[in-house]
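A.B. asks: Contents of final.txt (compact mmCIF, C-alpha atoms) are given next:
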```
# COMPACT_ATOMS: atom_id res chain seq x y z
CA MET A 13 0.00 0.00 0.00
CA ALA A 14 2.86 2.38 0.89
CA MET A 15 4.50 1.73 -2.47
CA HIS A 16 1.18 2.41 -4.21
CA HIS A 17 0.89 5.82 -2.50
CA LEU A 18 4.49 6.62 -3.38
CA SER A 19 3.91 5.87 -7.07
CA LEU A 20 0.91 8.20 -7.05
CA LEU A 21 2.87 10.98 -5.40
CA ARG A 22 5.94 10.72 -7.63
CA PRO A 23 4.46 12.74 -10.60
CA LEU A 24 3.33 15.50 -8.23
CA LEU A 25 6.68 15.54 -6.52
CA CYS A 26 8.55 15.73 -9.85
CA GLN A 27 6.36 18.61 -10.99
CA SER A 28 6.99 20.48 -7.78
CA LEU A 29 10.73 19.90 -7.92
CA VAL A 30 11.01 21.04 -11.55
CA VAL A 31 9.14 24.27 -10.98
CA ARG A 32 10.42 25.25 -7.54
CA SER A 33 13.87 25.71 -6.08
CA PRO A 34 14.75 23.22 -3.30
CA LEU A 35 15.23 26.23 -1.05
CA VAL A 36 11.54 27.15 -1.30
CA PHE A 37 10.05 23.65 -1.58
CA THR A 38 6.77 23.77 0.30
CA SER A 39 5.00 20.49 -0.47
CA ARG A 40 3.69 18.82 2.66
CA PHE A 41 5.39 15.64 1.42
CA SER A 42 8.98 16.82 1.90
CA ALA A 43 11.98 15.17 0.27
CA PRO A 44 13.65 14.21 3.59
CA LEU A 45 10.63 12.06 4.56
CA LEU A 46 10.60 10.17 1.29
CA TYR A 47 14.38 10.00 0.91
CA PRO A 48 15.87 10.17 4.40
CA ASN A 49 19.42 9.39 3.28
CA THR A 50 19.52 12.12 0.62
CA PRO A 51 17.81 15.16 2.15
CA THR A 52 18.97 17.64 -0.51
CA SER A 53 18.96 15.48 -3.65
CA TYR A 54 16.28 15.20 -6.30
CA PRO A 55 14.89 11.75 -7.13
CA ALA A 56 16.77 10.24 -10.05
CA ALA A 57 13.69 10.22 -12.33
CA CYS A 58 13.06 13.91 -11.65
CA THR A 59 16.70 14.80 -12.22
CA ARG A 60 16.63 13.10 -15.61
CA LEU A 61 13.39 14.85 -16.52
CA TYR A 62 14.78 18.28 -15.55
CA ALA A 63 18.07 17.69 -17.36
CA THR A 64 16.29 16.54 -20.51
CA LYS A 65 14.05 19.60 -20.63
CA LYS A 66 17.01 21.90 -20.01
CA ALA A 67 19.03 20.28 -22.79
CA LYS A 68 16.13 20.53 -25.24
CA ALA A 69 15.60 24.20 -24.39
CA LYS A 70 19.28 24.92 -24.94
CA ALA A 71 19.32 23.04 -28.24
CA LYS A 72 16.23 24.87 -29.43
CA GLY A 73 18.01 28.22 -29.10
CA GLN A 74 21.01 27.11 -31.13
CA SER A 75 21.12 26.47 -34.86
CA ALA A 76 22.99 23.37 -35.88
CA LYS A 77 26.26 24.13 -37.60
CA VAL A 78 26.88 22.72 -41.04
CA ASN A 79 30.39 21.70 -41.92
CA ILE A 80 31.25 20.17 -45.27
CA ASN A 81 34.59 18.98 -46.53
CA SER A 82 35.24 21.20 -49.54
CA ALA A 83 36.80 18.25 -51.39
CA LEU A 84 33.42 16.52 -51.36
CA VAL A 85 31.65 19.39 -53.09
CA GLU A 86 34.37 20.82 -55.34
CA ASP A 87 32.40 19.69 -58.39
CA ILE A 88 29.48 21.80 -57.19
CA ILE A 89 31.17 24.96 -55.89
CA SER A 90 34.48 26.04 -54.39
CA LEU A 91 33.81 26.99 -50.79
CA ASP A 92 37.28 28.53 -50.52
CA GLU A 93 36.60 30.86 -53.44
CA LEU A 94 33.20 31.70 -52.00
CA LYS A 95 34.79 32.57 -48.66
CA GLY A 96 37.24 34.79 -50.54
CA GLU A 97 34.41 36.66 -52.26
CA MET A 98 32.60 37.21 -48.96
CA THR A 99 35.80 38.35 -47.27
CA ALA A 100 36.34 40.82 -50.13
CA VAL A 101 32.97 42.39 -49.26
CA LEU A 102 34.10 42.90 -45.66
CA ASN A 103 37.44 44.33 -46.76
CA ALA A 104 35.66 46.75 -49.12
CA LEU A 105 33.58 47.96 -46.16
CA LYS A 106 36.72 48.55 -44.09
CA ASP A 107 38.20 50.48 -47.02
CA ASP A 108 35.07 52.63 -47.30
CA PHE A 109 35.29 53.39 -43.59
CA THR A 110 38.96 54.38 -43.87
CA ARG A 111 38.52 56.54 -46.95
CA ASN A 112 35.36 58.36 -46.03
CA LEU A 113 34.82 58.35 -42.27
CA SER A 114 37.75 60.03 -40.58
CA ILE A 115 37.49 62.44 -37.67
CA ARG A 116 39.81 65.41 -38.33
CA THR A 117 42.27 65.27 -35.44
CA GLN A 118 45.69 65.05 -37.13
CA SER A 119 47.44 65.34 -40.48
CA GLY A 120 47.18 61.57 -40.96
CA ALA A 121 43.42 62.03 -41.26
CA LEU A 122 44.04 63.16 -44.87
CA ASP A 123 46.10 60.11 -45.88
CA HIS A 124 43.04 58.36 -47.26
CA ILE A 125 42.25 61.20 -49.69
CA VAL A 126 42.67 59.95 -53.28
CA VAL A 127 43.57 62.47 -55.97
CA THR A 128 42.48 61.85 -59.56
CA THR A 129 45.06 63.14 -62.07
CA GLN A 130 45.68 62.67 -65.77
CA ASP A 131 48.15 59.93 -64.92
CA GLY A 132 45.77 58.04 -62.64
CA LYS A 133 44.65 58.03 -59.01
CA PHE A 134 47.11 58.57 -56.18
CA PRO A 135 46.91 58.99 -52.40
CA LEU A 136 47.32 62.62 -51.39
CA ASN A 137 50.33 61.87 -49.17
CA GLN A 138 52.20 60.48 -52.23
CA LEU A 139 51.75 63.71 -54.17
CA GLY A 140 52.23 66.28 -51.43
CA GLN A 141 53.82 66.71 -48.03
CA VAL A 142 51.09 66.91 -45.41
CA SER A 143 51.83 68.61 -42.10
CA MET A 144 49.85 69.88 -39.12
CA LYS A 145 50.74 73.54 -38.57
CA SER A 146 48.27 73.93 -35.71
CA PRO A 147 45.18 72.16 -34.37
CA GLN A 148 43.19 74.43 -36.68
CA LEU A 149 45.32 74.24 -39.85
CA ILE A 150 46.74 71.48 -42.08
CA MET A 151 49.22 72.39 -44.84
CA VAL A 152 49.79 70.38 -48.01
CA ASN A 153 52.99 71.21 -49.91
CA MET A 154 52.54 70.20 -53.56
CA SER A 155 55.91 71.49 -54.81
CA SER A 156 56.98 67.97 -55.88
CA PHE A 157 53.92 67.64 -58.15
CA PRO A 158 52.71 71.20 -58.76
CA GLU A 159 50.58 70.12 -61.73
CA ALA A 160 48.39 68.10 -59.33
CA THR A 161 47.70 71.00 -56.96
CA ALA A 162 44.25 71.83 -58.35
CA ALA A 163 43.24 68.17 -58.43
CA ALA A 164 44.37 67.72 -54.81
CA ALA A 165 42.38 70.74 -53.68
CA ARG A 166 39.32 69.39 -55.50
CA ALA A 167 39.72 65.98 -53.85
CA LEU A 168 39.87 67.61 -50.43
CA ARG A 169 36.82 69.74 -51.14
CA GLU A 170 34.76 66.81 -52.45
CA SER A 171 35.61 64.49 -49.56
CA SER A 172 33.07 63.76 -46.83
CA MET A 173 35.17 65.68 -44.30
CA ASN A 174 33.50 69.05 -44.88
CA LEU A 175 36.80 70.76 -45.81
CA ASN A 176 37.28 74.11 -47.57
CA PRO A 177 40.91 74.14 -48.84
CA GLU A 178 42.62 77.36 -49.96
CA VAL A 179 45.29 77.24 -52.70
CA ASP A 180 48.33 79.52 -52.45
CA GLY A 181 50.71 78.62 -55.30
CA THR A 182 51.79 75.04 -54.62
CA ILE A 183 50.65 75.22 -51.00
CA ILE A 184 47.17 74.06 -50.02
CA LYS A 185 45.93 75.42 -46.70
CA VAL A 186 43.25 73.28 -45.11
CA PRO A 187 41.43 74.94 -42.20
CA VAL A 188 40.25 72.31 -39.75
CA PRO A 189 36.64 72.92 -38.76
CA LYS A 190 35.60 72.06 -35.24
CA VAL A 191 34.23 68.53 -35.07
CA THR A 192 30.62 69.14 -34.10
CA ARG A 193 28.16 66.61 -32.75
CA GLU A 194 26.12 67.07 -35.92
CA HIS A 195 29.14 66.18 -38.06
CA ARG A 196 29.79 63.06 -36.00
CA GLU A 197 26.15 61.98 -36.34
CA ASN A 198 26.25 62.54 -40.10
CA LEU A 199 29.33 60.35 -40.35
CA ALA A 200 27.59 57.67 -38.30
CA LYS A 201 24.65 57.76 -40.72
CA LEU A 202 27.09 57.43 -43.61
CA ALA A 203 28.70 54.45 -41.86
CA LYS A 204 25.30 52.76 -41.68
CA GLN A 205 24.81 53.34 -45.41
CA PHE A 206 28.16 51.69 -46.11
CA GLY A 207 27.11 48.78 -43.86
CA ASN A 208 23.85 48.32 -45.78
CA LYS A 209 25.76 48.48 -49.06
CA ALA A 210 28.09 45.73 -47.83
CA LYS A 211 25.15 43.53 -46.83
CA ASP A 212 23.59 44.03 -50.28
CA SER A 213 26.86 42.92 -51.86
CA LEU A 214 26.99 39.93 -49.52
CA ARG A 215 23.45 38.90 -50.50
CA LYS A 216 24.44 39.05 -54.18
CA VAL A 217 27.43 36.81 -53.54
CA ARG A 218 25.23 34.32 -51.67
CA SER A 219 22.52 34.42 -54.33
CA ASN A 220 25.04 33.82 -57.14
CA ALA A 221 26.51 30.89 -55.22
CA VAL A 222 23.09 29.30 -54.68
CA THR A 223 22.30 29.73 -58.38
CA GLN A 224 25.54 27.98 -59.25
CA VAL A 225 24.64 25.11 -56.93
CA LYS A 226 21.17 24.70 -58.44
CA LYS A 227 22.68 24.34 -61.91
CA THR A 228 24.17 20.99 -60.82
CA LYS A 229 20.84 19.50 -59.73
CA ASP A 230 20.89 16.91 -62.52
CA ALA A 231 24.23 15.52 -61.34
CA GLN A 232 23.77 15.70 -57.56
CA SER A 233 21.26 14.40 -55.04
CA GLU A 234 18.75 16.79 -53.48
CA ASP A 235 20.15 16.09 -50.01
CA THR A 236 23.67 17.01 -51.10
CA LEU A 237 22.54 20.25 -52.75
CA ARG A 238 20.43 21.15 -49.74
CA LEU A 239 23.41 20.63 -47.45
CA VAL A 240 25.66 22.78 -49.65
CA GLU A 241 23.06 25.57 -49.70
CA LYS A 242 22.89 25.46 -45.90
CA GLN A 243 26.66 25.76 -45.76
CA ILE A 244 26.52 28.81 -48.05
CA GLN A 245 23.83 30.40 -45.89
CA GLN A 246 25.87 29.75 -42.74
CA MET A 247 28.94 31.38 -44.29
CA ALA A 248 26.86 34.40 -45.31
CA ASP A 249 25.33 34.67 -41.83
CA ASN A 250 28.77 34.62 -40.21
CA MET A 251 30.05 37.32 -42.55
CA ALA A 252 26.95 39.45 -41.88
CA LEU A 253 27.80 39.27 -38.17
CA ASP A 254 31.32 40.49 -38.94
CA ILE A 255 29.86 43.40 -40.91
CA ASP A 256 27.64 44.29 -37.95
CA LYS A 257 30.66 44.19 -35.61
CA GLN A 258 32.65 46.50 -37.90
CA LEU A 259 29.74 48.91 -38.15
CA ALA A 260 29.18 48.93 -34.38
CA ALA A 261 32.86 49.61 -33.69
CA LYS A 262 33.04 52.42 -36.27
CA THR A 263 29.82 54.02 -35.02
CA LYS A 264 31.16 54.01 -31.46
CA GLU A 265 34.39 55.62 -32.68
CA LEU A 266 32.58 58.31 -34.66
CA LEU A 267 30.09 59.27 -31.97
CA GLY A 268 32.82 59.39 -29.32
```
Render the structure in this file as structure tokens.
C.D. replies:
Amino acid sequence: MAMHHLSLLRPLLCQSLVVRSPLVFTSRFSAPLLYPNTPTSYPAACTRLYATKKAKAKAKGQSAKVNINSALVEDIISLDELKGEMTAVLNALKDDFTRNLSIRTQSGALDHIVVTTQDGKFPLNQLGQVSMKSPQLIMVNMSSFPEATAAAARALRESSMNLNPEVDGTIIKVPVPKVTREHRENLAKLAKQFGNKAKDSLRKVRSNAVTQVKKTKDAQSEDTLRLVEKQIQQMADNMALDIDKQLAAKTKELLG
């Protein structure tokens, strides 16, 4: 009879133990009475039930990773080349940040300025000597390439740095405006635009890769193609996270 009552109580006891902490267990059938030798331990059946639910909940919140040996799918698509294309998108974003989103604090802030001349495009610091005369004035000496002076001034004026250069012979004087909060916020908005542009490029790379995979459907099984597409999606998702990290770091830098 005692065993019969215990079997009836076990489901209730398990439910109570799963929901409540042992520190606030208030059932009138306390664990020490049922298990005198283990006053602070859960019954084995309840422990397994709790552990199973916890494991399932954890697994539900995580997406299974897909890993494929590239040698097995080289006839379908080169995962190494695909990774290279996606990495190129991230590198292009970093380049956009460097070229267009600099806070004017030193002469090196102009190093990213690219000057378009009749002979091609060149970094400003390769054509002229850039120096910081004061916190409010940057000087660019173009005596080594005087014919590029006008082009250099135009590049400075058309940059996103809100500069108004003044040309005096082969010397370009660049007054440094005060970095206002509005200017910082505008740069942050521009950073977001570059981030969105990078994600668009990433989606194109992913879409082209999936299209390439689908073209081999007559020579490959559906399961294999589905697995390869999942791998492509996983690679794109990981790269999108990297883009978000770069954007977050740049935005924090710009807003100060």
A.B. asks: Please provide as number ranges by chain all residues within 8 Å of region 213-229 of chain A, with the sequence filter that same-chain residues fewer than 4 positions apart are discarded (counting only C-alpha atoms).
C.D. replies: A: 88-89, 94, 97-98, 101, 209, 233-234, 237, 240-241, 244-245, 248, 252
A.B. asks: Please provide as a ChimeraX atom specification all residues within 12 Å of Ala100 (chain A), with the sequence filter that same-chain residues fewer than 3 positions apart are discarded (counting all atoms listed in the file).
C.D. replies: /A:93-97,103-107,210-211,213-214,217,251,255
A.B. asks: Could you dump the residues just selected with C-alpha atoms as an mmCIF file, in the coordinates of the input?
C.D. replies:
```
data_model
loop_
_atom_site.group_PDB
_atom_site.id
_atom_site.type_symbol
_atom_site.label_atom_id
_atom_site.label_comp_id
_atom_site.auth_asym_id
_atom_site.auth_seq_id
_atom_site.Cartn_x
_atom_site.Cartn_y
_atom_site.Cartn_z
ATOM 1 C CA GLU A 93 36.600 30.860 -53.440
ATOM 2 C CA LEU A 94 33.200 31.700 -52.000
ATOM 3 C CA LYS A 95 34.790 32.570 -48.660
ATOM 4 C CA GLY A 96 37.240 34.790 -50.540
ATOM 5 C CA GLU A 97 34.410 36.660 -52.260
ATOM 6 C CA ASN A 103 37.440 44.330 -46.760
ATOM 7 C CA ALA A 104 35.660 46.750 -49.120
ATOM 8 C CA LEU A 105 33.580 47.960 -46.160
ATOM 9 C CA LYS A 106 36.720 48.550 -44.090
ATOM 10 C CA ASP A 107 38.200 50.480 -47.020
ATOM 11 C CA ALA A 210 28.090 45.730 -47.830
ATOM 12 C CA LYS A 211 25.150 43.530 -46.830
ATOM 13 C CA SER A 213 26.860 42.920 -51.860
ATOM 14 C CA LEU A 214 26.990 39.930 -49.520
ATOM 15 C CA VAL A 217 27.430 36.810 -53.540
ATOM 16 C CA MET A 251 30.050 37.320 -42.550
ATOM 17 C CA ILE A 255 29.860 43.400 -40.910
#
```
A.B. asks: Around (37.9, 75.1, -44.1) in the file's frame, which residues reach within 6 Å when counting only C-alpha atoms? Return as a list of chain:residue names?
C.D. replies: A:Leu175, A:Asn176, A:Pro177, A:Val186, A:Pro187, A:Val188, A:Pro189
A.B. asks: Would you compute the box with edges along x, y and z of the file around region 162-179 of chain A, including every atom the file lists for it and 4 Å extra on each side, and give its centre and edge lengths in Å to one decimal, as lines of an AutoDock Vina configuration file?
C.D. replies:
```
center_x = 39.2
center_y = 70.6
center_z = -51.4
size_x = 20.2
size_y = 21.6
size_z = 22.1
```
A.B. asks: Would you please work out which residue, of A:Ser172, A:Asp92, A:Val85, A:Lys145, is nearest to His124 (chain A) when using only C-alpha atoms?
C.D. replies: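 Under the stated criterion, the closest residue is A:Ser172.
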A.B. asks: Between A:Ile184, A:Phe206, A:Phe157, A:Leu149, which is the closest to Asp108 (chain A) once you count all atoms listed in the file?
C.D. replies: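 The answer is A:Phe206, which sits nearest to Asp108 (chain A).
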A.B. asks: In Å, how far is it from CA of Leu267 (chain A) to CA of Glu197 (chain A)?
C.D. replies: 6.5 Å
A.B. asks: With only C-alpha atoms as the basis for distance, which of A:Ser171, A:Asp230, A:Thr128, A:Lys185 is at the shortest distance from Ile150 (chain A)?
C.D. replies: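 Selected residue with least distance to Ile150 (chain A): A:Lys185.
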A.B. asks: Using all atoms listed in the file, which of the listed residues (A:Val191, A:Leu259, A:Leu199, A:Leu266) sits closest to Leu102 (chain A)?
C.D. replies: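 Of the candidates, the smallest distance to Leu102 (chain A) is held by A:Leu259.
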A.B. asks: Between A:Ala162, A:Lys190, A:Asp123, A:Gln130, which is the closest to Ser143 (chain A) once you count all atoms listed in the file?
C.D. replies: A:Asp123
A.B. asks: In Å, rounded to a single decimal, give me how far CA of Arg169 (chain A) is from CA of Gly140 (chain A).
C.D. replies: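 Spanning CA of Gly140 (chain A) to CA of Arg169 (chain A) is a straight-line distance of 15.8 Å.
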A.B. asks: I'd like the interatomic distance between CA of Glu159 (chain A) and CA of Asn112 (chain A), to a tenth of an Å.
C.D. replies: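 Going from CA of Glu159 (chain A) over to CA of Asn112 (chain A) covers 24.8 Å.
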A.B. asks: Which is closer to Gly132 (chain A) than all the others in A:Met144, A:Glu178, A:Ala160, A:Gln205, using only C-alpha atoms?
C.D. replies: A:Ala160
A.B. asks: Neighbouring residues of Ala203 (chain A) were defined as those with any atom within 8 Å, considering only C-alpha atoms; residues of the same chain fewer than 6 positions away were excluded. Please report them as a ChimeraX atom specification.
C.D. replies: /A:109,113,259,262-263
